[in-house]
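K.L.:
Okay, here's the structure, questions in a sec.
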Amino acid sequence: MTRPLTIREAAGRVLRRPIPWVLRYLGAVVPALLVAALLVVPLRGWLSHPLVAEAFETRSLDLLVDALMDLAEGLDGGPVLLAGLVLTPIVWGGLQLVWLFLEGGVLATYALPDHPTARQFLQACITYTASFLLIGVATSLVTGGVVVAGVAGVAAAGALLPWQWPGIVVGALTALGVIAVHTVAQQTRAAAVVAGDRNVRTALRCAGRIFRRRFAPLAILTAGTLATRALLAILASTLSGWIPLSWWLLTLLVQQSLQIAVTGVGLVRRAGQVAIASSSEVPLSATDIGA
Amino acid sequence: MKTHILGAALALAMLFGPATTPVAAAEPPPDIASYRIEAAYDPVSHTITASETATYVNRTDVAIPDLVLHLYLNAFRSDDTLWMREAGPGHRGFSADDAHPGWSRIKSMRLSDGTPLDWEPIDADATLIRVELDAPVPPGDEISIELAFEAQLPRIAARTGWAADGDFVMAGQWFPKFGVWEGSASDAEVGMWNAYPFHANSEFFADFGAYDVTVTLPQGWRIAGTGAQVGVPLTNDDRTVTHAFHADHVIDFAWSASPLFRTLTRQAGDVTITLVYPRGQRSMARRAMVATLEALELYGSWYGPYGQGLYDTLTVVVVPPDAGGAGGMEYPTLFTVGAYAGAGMPRCIRILEVEVVHELAHQWFQTMVATNEAEEPWLDEGFADYSTARAMRELTGGDVVTCGGWTLSYLGMQRMSYIAMPRSPMAGRAWDFGAMDYGIATYAKPVVALSTLERLVGDDAMIAFLRAYVDAYAFKHPGAEDVRTVMVDTLGEDHAAWFFDGAVGTADTLDARATPTNTGTSAATREGNLCVPVPVQVTTAEGTTSIAWPCDGPLEIDGDWLTVEIDPDRTNLLDPNLANNVAQARTAWAPVLGAWVRTIRALQSPFAGGWLR
């Protein structure tokens, strides 16, 4: 019997099999570059104004309010700006579908013993799209329910109780609930790919089993990747505050380095969940996972 | 940042350190309107049953033919009173409850020798009554009247009433109170008595005097009030307790009580600060206490000692969450907070601190320098709010909001309001304004105008002006002309001219504008009649020069300039559009690319799937 994949080995595959990393990074950054250009170019006259530059540099809402007084005069290309504003949610929605489509291939990349071929990658993407769409919809509904219940709980605690801490506790529990829902959803996807079975119910049962029996490694993996993301976010925010707005190239290099790292962290979590799923399953072949 | 750290250190030192140096008290002002009141409050019916002896000393050289008293609570007796009609569906965001009105009824009135007195309402709502006298009160003489009255407090909508299912009461404007007798003719509606029916926008105007007040409450209730508690509360046979207060040299008496009150006490020099707050709001209370201690020290250093050394108590009432309408109000030696600052307000939003330092500033501007809030509301609110902007700048670096790395100062907040309606004169009676322009004319525009004045004359000169104003008119009733006189004496006629003739008295405004022309020159022009002289800074390839631009028409700049910037130090905050003060010959691309890069960052994370990607 083949030895199950360890989380460390799976994380190593993220580096050794960089296609998902490249796809996810470029898939986000290229549309962002283009949409950002649509939003910024029409405002170039306004953005080049010293008051506007100072407002953004110092993060002063006092100055930004004054700067907004002159926004109409500094606008050159209203339709382009409008196109940018309309495209932003459309691109966002489209990309979420792209990620959903790619998810099967990404997980298969880490689950297979060998680097998958392009055909295998694409086949895995196609195989799991419908199942993952169902999981995505269910996850959104459950997350919505948890958030609504949490907000109601926080509001009720604020209205009915004289103390602040019950609201804080309810809010924290809600956040934990959302993380748990998403962790189970992601584990379900990983379990489906590892088992080579796109039946959602079977995968969900498997994920539930893993959640109960392998809770510690799963929790450490989730908490560790979230903590790393938080650290990267703090680092990005701190560096962004230090670097002057006009040093745009340095800012771009720093922020994209961090974005590449953040993308990698997300993939390490996926690979780790594949490893956790594989430790409770029989070893896979390319045929098993539908590739 | 430096001031912020210093401020925090100062607060800690004041919280845990020894008391500061005692202050020499000023000469006490003569009493004019004094009251002795014995009141009992029933928290079930929300009624006050009281007897009152009110004494008025005629310190003018004109005999007083009759008396005029305010019965403010009658403004809340139905939804068709003048006050209610003016307030509309809500007063500053808080609505009245028709099912729980407020009213005040005089049951009997007589002179101190027992002679019965007749009275009649002056306005339709009886918020003002006239008392007939058999003989006028000669100059230098005094008159005492004894009256019995009953008042029902409304459910709190504006300043006064009850909340928390009856477990909280804030009694303001609760007793029959004299108007202000003026020795010369005024434009008030009742001859030389300066007193008006209660309007929704209007606050108060009263003479200084001594107050001896007892309030009887159920056992277990705690009370805070103007002045100092006297003696030990007396327990009565009917399971009630009588609390006694005394206050000297004050213009009003307010009290608040609740069985839910907790107390924080600190000493600041000779002043004992007592902060009462409802159970569950301890963190708010501590924030309010720190802000009070810090601002008290600041205001003392700017405007002279609290109460000119005549007040030794200061009470802060943090109102419960459902009593927001009673929060953010000033009374002599007492103020309330909690109007807009809920218990869950994050620390990066310092609205609570703003409310504290604003209401505390009223202890100088209105409680002590007792301007007429009905006829010239900008005088007290404007100077108090300017003080708020100054104090916030000292205490927190000026920032009211510091969330997500972005900051908004109190001055910036008020300038934002001013920009929305810059064509509001500051001068005007409270009821001359609608709810929106009242806020701008009395709060926002004065803050902006006084801050502009400060930037023009410098901080030391500004403080010298304000201190001279307070010193000259403490325990008096100055008007705008008196302020102007002090300004002329301390800052000069030129500043007083643009300030009063432009910003205070007219709707004039000024938009300075730098415009590139098609002949290769640039013009600096002013739109509007208000003029504040500012320099124009011109940058060429050779360097930067500053050109004086007096109020004598447009300015044309020739040559190969790179940028033309009017008022580069942003002195004139009355200019509603500071962005058009700059003209550039060429687009500066670095900030555009910087904005592009940051927009990429803002889009990239959600595009990639967000935090749980």
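The chains in the structure tokens are called A, B, ... from first to last as shown; in each chain the residues are counted from 1, and the ligands are counted from 1 in the order shown.
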Pull out every residue of chain B sitting within 7 Å of chain A, counting only C-alpha atoms, and send them as a ChimeraX atom specification.

P.N.:
/B:279-280,343-344,405-409,412,416,577-580,587-594,596-597,599-600,603-604,607-609,613

K.L.:
What's the 7 Å shell around B:Cys348, counting only C-alpha atoms, without same-chain residues fewer than 6 positions away, as an MDAnalysis selection string?

P.N.:
chainID B and resid 401:403

K.L.:
Determine, counting only C-alpha atoms, which protein, DNA and RNA residues have an atom within 12 Å of an atom of B:Asp207; residues of the same chain fewer than 3 positions away are not included. Present the result as a PyMOL selection string.

P.N.:
chain B and resi 29-35+55-59+177-182+193-195+204+210-211+248-253+332+366-372+475-477

K.L.:
Save out the residues we just selected, N, CA and C atoms, as a short mmCIF file (atom, residue, chain, number, x, y, z; two decimals), in the first residue's frame.

P.N.:
data_model
loop_
_atom_site.label_atom_id
_atom_site.label_comp_id
_atom_site.auth_asym_id
_atom_site.auth_seq_id
_atom_site.Cartn_x
_atom_site.Cartn_y
_atom_site.Cartn_z
N PRO B 29 -19.79 87.32 40.96
CA PRO B 29 -20.75 88.23 40.33
C PRO B 29 -21.96 88.43 41.22
N PRO B 30 -22.66 89.55 41.09
CA PRO B 30 -23.85 89.77 41.93
C PRO B 30 -24.98 88.83 41.48
N ASP B 31 -25.72 88.31 42.47
CA ASP B 31 -26.87 87.46 42.14
C ASP B 31 -27.99 88.30 41.53
N ILE B 32 -28.67 87.76 40.57
CA ILE B 32 -29.84 88.44 39.99
C ILE B 32 -31.07 87.54 40.14
N ALA B 33 -30.97 86.31 39.62
CA ALA B 33 -32.12 85.40 39.69
C ALA B 33 -31.74 84.20 40.55
N SER B 34 -32.35 84.09 41.73
CA SER B 34 -32.01 82.99 42.64
C SER B 34 -33.26 82.19 42.97
N TYR B 35 -33.03 80.92 43.28
CA TYR B 35 -34.18 80.02 43.46
C TYR B 35 -33.95 79.10 44.65
N THR B 55 -36.42 84.55 43.42
CA THR B 55 -36.10 85.94 43.77
C THR B 55 -35.39 86.60 42.61
N TYR B 56 -35.88 87.80 42.26
CA TYR B 56 -35.24 88.52 41.15
C TYR B 56 -34.81 89.89 41.65
N VAL B 57 -33.54 90.22 41.44
CA VAL B 57 -32.99 91.51 41.87
C VAL B 57 -32.90 92.42 40.65
N ASN B 58 -33.49 93.58 40.77
CA ASN B 58 -33.46 94.52 39.64
C ASN B 58 -32.16 95.31 39.68
N ARG B 59 -31.20 94.92 38.92
CA ARG B 59 -29.90 95.61 38.90
C ARG B 59 -29.81 96.57 37.72
N LYS B 177 -38.96 79.61 35.49
CA LYS B 177 -37.68 80.31 35.54
C LYS B 177 -37.81 81.69 34.90
N PHE B 178 -37.22 82.70 35.57
CA PHE B 178 -37.32 84.06 35.07
C PHE B 178 -36.68 84.22 33.68
N GLY B 179 -37.25 85.15 32.89
CA GLY B 179 -36.53 85.65 31.72
C GLY B 179 -35.43 86.59 32.19
N VAL B 180 -34.84 87.30 31.27
CA VAL B 180 -33.76 88.23 31.63
C VAL B 180 -34.26 89.66 31.43
N TRP B 181 -34.32 90.41 32.54
CA TRP B 181 -34.76 91.80 32.46
C TRP B 181 -33.59 92.65 31.97
N GLU B 182 -33.84 93.35 30.86
CA GLU B 182 -32.79 94.21 30.30
C GLU B 182 -33.18 95.67 30.52
N TRP B 193 -38.21 92.47 28.92
CA TRP B 193 -37.88 91.10 29.34
C TRP B 193 -37.36 90.36 28.11
N ASN B 194 -36.14 89.91 28.18
CA ASN B 194 -35.61 89.14 27.07
C ASN B 194 -36.01 87.69 27.28
N ALA B 195 -37.10 87.31 26.67
CA ALA B 195 -37.62 85.94 26.82
C ALA B 195 -38.49 85.64 25.61
N PHE B 204 -31.07 78.51 25.57
CA PHE B 204 -31.56 79.23 26.74
C PHE B 204 -30.78 80.52 27.02
N ALA B 210 -28.12 82.18 42.85
CA ALA B 210 -27.83 81.05 43.75
C ALA B 210 -29.02 80.10 43.73
N TYR B 211 -28.73 78.82 43.80
CA TYR B 211 -29.79 77.81 43.78
C TYR B 211 -29.65 76.93 45.03
N ASP B 248 -23.81 78.28 43.46
CA ASP B 248 -23.70 79.74 43.40
C ASP B 248 -23.25 80.17 42.02
N HIS B 249 -23.69 81.38 41.63
CA HIS B 249 -23.23 82.03 40.40
C HIS B 249 -23.50 81.18 39.16
N VAL B 250 -24.67 80.60 39.10
CA VAL B 250 -25.02 79.78 37.94
C VAL B 250 -26.31 80.29 37.30
N ILE B 251 -26.53 79.88 36.06
CA ILE B 251 -27.69 80.38 35.32
C ILE B 251 -28.81 79.34 35.22
N ASP B 252 -28.59 78.16 35.78
CA ASP B 252 -29.62 77.13 35.63
C ASP B 252 -29.33 76.03 36.65
N PHE B 253 -30.30 75.15 36.81
CA PHE B 253 -30.09 73.99 37.67
C PHE B 253 -30.71 72.78 36.98
N PRO B 332 -24.97 74.39 33.85
CA PRO B 332 -23.90 74.88 34.72
C PRO B 332 -23.33 73.75 35.58
N GLN B 366 -21.08 80.07 27.51
CA GLN B 366 -22.51 80.09 27.78
C GLN B 366 -22.77 79.94 29.26
N THR B 367 -22.18 78.92 29.90
CA THR B 367 -22.42 78.80 31.33
C THR B 367 -21.80 79.98 32.08
N MET B 368 -20.61 80.40 31.64
CA MET B 368 -19.93 81.50 32.33
C MET B 368 -20.01 82.79 31.51
N VAL B 369 -19.61 82.73 30.25
CA VAL B 369 -19.81 83.88 29.35
C VAL B 369 -21.21 83.65 28.76
N ALA B 370 -22.20 84.20 29.46
CA ALA B 370 -23.59 83.76 29.23
C ALA B 370 -24.25 84.54 28.10
N THR B 371 -23.92 84.17 26.88
CA THR B 371 -24.51 84.80 25.71
C THR B 371 -25.95 84.32 25.54
N ASN B 372 -26.68 85.01 24.69
CA ASN B 372 -28.09 84.69 24.48
C ASN B 372 -28.21 83.62 23.40
N PHE B 475 -19.46 85.81 33.56
CA PHE B 475 -20.64 86.10 34.39
C PHE B 475 -21.39 87.33 33.89
N LYS B 476 -21.30 87.58 32.60
CA LYS B 476 -22.06 88.68 31.98
C LYS B 476 -22.77 88.14 30.74
N HIS B 477 -23.48 89.04 30.07
CA HIS B 477 -24.24 88.66 28.89
C HIS B 477 -23.73 89.43 27.67
#

K.L.:
Excluding same-chain residues fewer than 2 positions from B:Met436, what lies within 10 Å of it counting only C-alpha atoms, as a short mmCIF file (atom, residue, chain, number, x, y, z; two decimals) with N, CA and C atoms, in the first residue's frame?

P.N.:
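Writing done, so here's selection29.cif:
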data_model
loop_
_atom_site.label_atom_id
_atom_site.label_comp_id
_atom_site.auth_asym_id
_atom_site.auth_seq_id
_atom_site.Cartn_x
_atom_site.Cartn_y
_atom_site.Cartn_z
N ARG B 92 -32.97 66.77 16.02
CA ARG B 92 -31.59 66.28 15.99
C ARG B 92 -31.54 64.75 15.98
N SER B 417 -19.39 70.03 6.54
CA SER B 417 -20.74 70.58 6.68
C SER B 417 -20.82 71.96 6.06
N ALA B 420 -21.14 72.15 2.38
CA ALA B 420 -22.46 71.79 1.87
C ALA B 420 -23.36 73.01 1.72
N MET B 421 -23.24 73.99 2.62
CA MET B 421 -24.07 75.20 2.56
C MET B 421 -23.24 76.41 2.99
N PHE B 433 -33.42 79.94 11.40
CA PHE B 433 -32.77 78.89 10.61
C PHE B 433 -33.62 77.63 10.57
N GLY B 434 -33.45 76.85 9.48
CA GLY B 434 -33.98 75.50 9.46
C GLY B 434 -33.02 74.59 10.22
N TYR B 438 -29.20 75.74 10.61
CA TYR B 438 -28.88 76.10 12.00
C TYR B 438 -27.56 75.45 12.40
N GLY B 439 -27.42 74.20 12.05
CA GLY B 439 -26.19 73.49 12.39
C GLY B 439 -24.97 74.11 11.72
N ILE B 440 -25.15 74.56 10.50
CA ILE B 440 -24.02 75.14 9.78
C ILE B 440 -23.71 76.54 10.30
N ALA B 441 -24.78 77.34 10.49
CA ALA B 441 -24.57 78.72 10.91
C ALA B 441 -24.01 78.82 12.33
#

K.L.:
At a cut-off of 9 Å, using only C-alpha atoms, what residues contact A:Val200? Leave out same-chain residues fewer than 3 positions from it and give the result as a PyMOL selection string.

P.N.:
chain A and resi 131-132+134-135+188-189+192+197+203-205

K.L.:
Enter the distance from atom CA of B:Val230 to atom CA of B:Ala244, in Å, rounded to one decimal.

P.N.:
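Taking atom CA of B:Val230 and atom CA of B:Ala244, their separation equals 5.2 Å.
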